[in-house]
Amino acid sequence: MVRLRLPILAPITLFVVFAGFAAPPTSEPRRLVILHTNDMHASFLPHEAYWITAQPRPMVGGFRELFFVADSIRQGRDPVLMLDAGDVMTGNPITERTFKGAQGGALFEMMNLIGYDAWCPGNHDLDISQANLRGLAAIARFPTLSANVVNDAGQYPVGNKPSAVIERGGLRIGVIGVISQKLSSLVIQKNLVGLRVLSPEQTVQKWIDELRPKSDLLIALTHEGVDEDSALATNVSGLDVIVGGHSHTRLKKPLLINNVLIVQAGSNCENLGYLSLTVADGHVTKHFGRLLPLWAQPGRPSSTLTVLIDSMQAEIEKEYSEVIGTLKLDWFRKDPARGIATFITEAQRTAALADVAFMNADGIRKDLAAGPITKKDLFEVLPFQNVLTTFQLSGSELRSVLRFHCRQGTRILITGMEAAYEKRPDGSVQIESIEIGGKALDDSRMYSCVASDYVVGEAKRYIGIEIVQRIYTDRSVYNAVETAIRQEGVITKNIPYRIRQVSQGEPR
């Protein structure tokens, strides 16, 4: 039998170094287990394992199972440090609910009860506002670490601090938080006013140099992706471990680059990362890492955590369980011909009475299986608070946008436009035909367009041009799609995607 234990029995102890004195690293070999999560995206409840075809699919994830597995490991002989590498927010309606003054605050109260020791914010933790992130950091009874997010005065403005030294099992563990330097392209611009993102590599090296005399082990807790983590490991000196996030990478065993261990646990609370270390003389001498699948098991004992989980689930089900339509075929987000992406894009065009609509494919966060569609299902597909934004483009600009789209292969969906193009071996694009509203494109005419405020803010990256004049509407993308589903009622067929690549000699 596993004895449940609340985190208060395993407190964080911050190691204090007196001015002018730093104790040498411990020479006696000591063991440590690092438990880690990343990109949980508000998945506090279990969900179907979508990658399994057998019916009924098993349920995976959720904070109940996460707590049980983590607590079981804490009952072992080795001390445990538990870290999260960001994107706790965005993905479930719990992030819309205010708890202790912050939207999504209940997630951080749950993380308190699970027993986290530190976290670094990810880009989606800024989806609501800087003030809300400060509120989340205030709820967390563990440090919010982000050394490279500062304001113009060089201060840490979102409840963050650069680093912490945590003592666990006789080891002094320095933890440095870092967020992606691409933050400006990942978050709505209004939520970034006054923020600066410093170089991850230069910032981490600065804090390595600061913390190494005070620490037996140095960890970078990052939200930037496994490729960037690999570059970080290559270009800094003195780091031992990178606990990463952002790229949703399931590293079944640690990467070892430049003597730095890199770990990441996938996403959506489907796995708990486990890394066992032996440390002596300020170095990792042995390691073993793996992912622990969090298969949901019925009958877990009740606790303070489960009471909070159940209460939040009940509130969400009361508000979001309404069925708004029925889907007669599966919708897959990665294939424009399979329905969900074109339906969402076309719903925006209809709502805005626009000629052309654009949708970023990475803004569609979930596939939908055939069956009833609830408001909760749609929220999990479109969890962002994006609003419809309209603008005008000339025919010649739309031609340029199409060429950019075809040449770059950008992950953008376009409806209202029917086009055929040929992509040649040298990478050039030949546009064969373009129609808007059933008529040939007129280069001199102005056409009305719509996209989310996020896509408009990142228009250069998504469609190849800047949008200078824009009108923000008072209607959200979610609302536009919900209206379209309600009007359709029963969805029996897909909307064809009408931008197609053709081969030489193929009918246009």
# chains A, B, ... in the order shown; residues from 1 in each chain; ligands from 1
>>> select_by_dssp(residues="stretch 20-109 of chain A", states="strand (DSSP E)", output="list in words")
Arg30, Arg31, Leu32, Val33, Ile34, Leu35, His36, Thr37, His47, Glu48, Met59, Val60, Val80, Leu81, Met82, Leu83, Asp84, Thr98, Phe99, Ala102 and Gln103 of chain A
>>> write_last_selection(atoms="N, CA and C atoms", output="compact mmCIF listing (two decimals), in the first residue's frame")
# COMPACT_ATOMS: atom_id res chain seq x y z
N ARG A 30 26.38 11.20 -3.79
CA ARG A 30 25.00 11.33 -3.33
C ARG A 30 24.06 11.11 -4.50
N ARG A 31 22.90 10.57 -4.18
CA ARG A 31 21.91 10.26 -5.22
C ARG A 31 20.77 11.27 -5.18
N LEU A 32 20.18 11.48 -6.34
CA LEU A 32 19.05 12.39 -6.48
C LEU A 32 18.16 11.90 -7.61
N VAL A 33 16.86 11.98 -7.41
CA VAL A 33 15.89 11.71 -8.47
C VAL A 33 15.23 13.03 -8.85
N ILE A 34 15.28 13.35 -10.14
CA ILE A 34 14.57 14.52 -10.66
C ILE A 34 13.32 14.02 -11.38
N LEU A 35 12.16 14.46 -10.92
CA LEU A 35 10.90 14.22 -11.62
C LEU A 35 10.56 15.48 -12.40
N HIS A 36 10.13 15.32 -13.63
CA HIS A 36 9.91 16.53 -14.44
C HIS A 36 8.73 16.37 -15.39
N THR A 37 8.06 17.50 -15.59
CA THR A 37 6.95 17.61 -16.55
C THR A 37 7.18 18.85 -17.39
N HIS A 47 -7.33 11.95 -20.20
CA HIS A 47 -7.97 12.02 -21.50
C HIS A 47 -7.67 10.74 -22.27
N GLU A 48 -8.40 10.53 -23.36
CA GLU A 48 -8.18 9.33 -24.15
C GLU A 48 -6.78 9.33 -24.77
N MET A 59 -7.47 5.66 -20.81
CA MET A 59 -7.33 7.04 -20.37
C MET A 59 -5.92 7.25 -19.82
N VAL A 60 -5.39 8.43 -20.08
CA VAL A 60 -4.01 8.71 -19.69
C VAL A 60 -3.93 10.12 -19.10
N VAL A 80 14.09 13.51 -3.77
CA VAL A 80 13.40 13.82 -5.03
C VAL A 80 13.30 15.33 -5.20
N LEU A 81 13.57 15.79 -6.41
CA LEU A 81 13.36 17.18 -6.81
C LEU A 81 12.37 17.16 -7.97
N MET A 82 11.30 17.97 -7.90
CA MET A 82 10.26 17.94 -8.92
C MET A 82 10.17 19.30 -9.62
N LEU A 83 10.31 19.29 -10.95
CA LEU A 83 10.40 20.51 -11.75
C LEU A 83 9.39 20.49 -12.88
N ASP A 84 8.95 21.68 -13.28
CA ASP A 84 8.10 21.80 -14.48
C ASP A 84 8.71 22.82 -15.42
N THR A 98 -11.31 31.85 -12.49
CA THR A 98 -10.48 32.60 -11.54
C THR A 98 -10.42 31.87 -10.21
N PHE A 99 -9.21 31.71 -9.70
CA PHE A 99 -8.97 31.05 -8.41
C PHE A 99 -7.89 31.85 -7.70
N ALA A 102 -6.42 34.75 -9.90
CA ALA A 102 -5.76 34.53 -11.19
C ALA A 102 -6.52 33.49 -11.99
N GLN A 103 -6.70 33.75 -13.27
CA GLN A 103 -7.29 32.75 -14.14
C GLN A 103 -6.33 31.57 -14.27
>>> closest_atom_pairs(of="stretch 445-489 of chain A", to="stretch 339-353 of chain A", cutoff="12 Å", atoms="only C-alpha atoms", output="CSV")
residue,atom,partner,partner_atom,distance
A:Tyr447,CA,A:Leu353,CA,11.1
A:Ser448,CA,A:Leu353,CA,8.2
A:Cys449,CA,A:Arg349,CA,7.6
A:Val450,CA,A:Arg349,CA,6.3
A:Ala451,CA,A:Gln348,CA,7.2
A:Ser452,CA,A:Gln348,CA,8.6
A:Asp453,CA,A:Gln348,CA,12.0
A:Ile471,CA,A:Ala352,CA,11.0
A:Tyr472,CA,A:Ala352,CA,10.9
A:Thr473,CA,A:Ala352,CA,8.8
A:Asp474,CA,A:Ala352,CA,10.9
A:Arg475,CA,A:Ala351,CA,8.7
A:Ser476,CA,A:Gln348,CA,9.2
A:Val477,CA,A:Gln348,CA,6.6
A:Tyr478,CA,A:Ile344,CA,8.9
A:Asn479,CA,A:Ala351,CA,9.2
A:Ala480,CA,A:Ala351,CA,5.8
A:Val481,CA,A:Ala347,CA,5.4
A:Glu482,CA,A:Ala347,CA,8.7
A:Thr483,CA,A:Ala347,CA,8.1
A:Ala484,CA,A:Ala347,CA,5.8
A:Ile485,CA,A:Ala347,CA,8.7
A:Arg486,CA,A:Ala347,CA,11.3
A:Gln487,CA,A:Ala347,CA,10.6
A:Glu488,CA,A:Phe343,CA,10.8
>>> closest_residue(among="A:Thr234, A:Gln430, A:Thr95, A:Asn112", to="A:Ser400", atoms="only C-alpha atoms")
A:Gln430
>>> atom_distance(atom1="atom CA of A:Arg290", atom2="atom CA of A:Leu275")
6.6 Å
>>> atom_distance(atom1="atom CA of A:Val401", atom2="atom CA of A:Phe358")
10.7 Å
>>> closest_residue(among="A:Thr144, A:Ser267, A:Ser396, A:Ser433", to="A:Arg445", atoms="only C-alpha atoms")
A:Ser396
>>> atom_distance(atom1="atom CA of A:Asp362", atom2="atom CA of A:Gln408")
15.7 Å
>>> residues_around(residues="A:His287", least_positions_apart="3", cutoff="8 Å", atoms="only C-alpha atoms", output="PDB file with N, CA and C atoms, in the first residue's frame")
ATOM      1  N   LEU A 275      14.592  11.008 -13.817  1.00  0.00           N
ATOM      2  CA  LEU A 275      16.032  11.046 -14.028  1.00  0.00           C
ATOM      3  C   LEU A 275      16.732  10.801 -12.700  1.00  0.00           C
ATOM      4  N   SER A 276      17.451   9.679 -12.605  1.00  0.00           N
ATOM      5  CA  SER A 276      18.198   9.329 -11.403  1.00  0.00           C
ATOM      6  C   SER A 276      19.666   9.680 -11.614  1.00  0.00           C
ATOM      7  N   LEU A 277      20.245  10.397 -10.648  1.00  0.00           N
ATOM      8  CA  LEU A 277      21.625  10.856 -10.757  1.00  0.00           C
ATOM      9  C   LEU A 277      22.431  10.424  -9.544  1.00  0.00           C
ATOM     10  N   THR A 278      23.706  10.157  -9.783  1.00  0.00           N
ATOM     11  CA  THR A 278      24.694  10.077  -8.707  1.00  0.00           C
ATOM     12  C   THR A 278      25.670  11.228  -8.917  1.00  0.00           C
ATOM     13  N   VAL A 284      28.144  14.829 -12.290  1.00  0.00           N
ATOM     14  CA  VAL A 284      27.277  13.658 -12.396  1.00  0.00           C
ATOM     15  C   VAL A 284      28.142  12.474 -12.804  1.00  0.00           C
TER      16      VAL A 284
END
>>> residues_around(residues="A:Leu66", least_positions_apart="3", cutoff="9 Å", atoms="only C-alpha atoms", output="PyMOL selection string")
chain A and resi 61-63+69-71+114+269-272+294
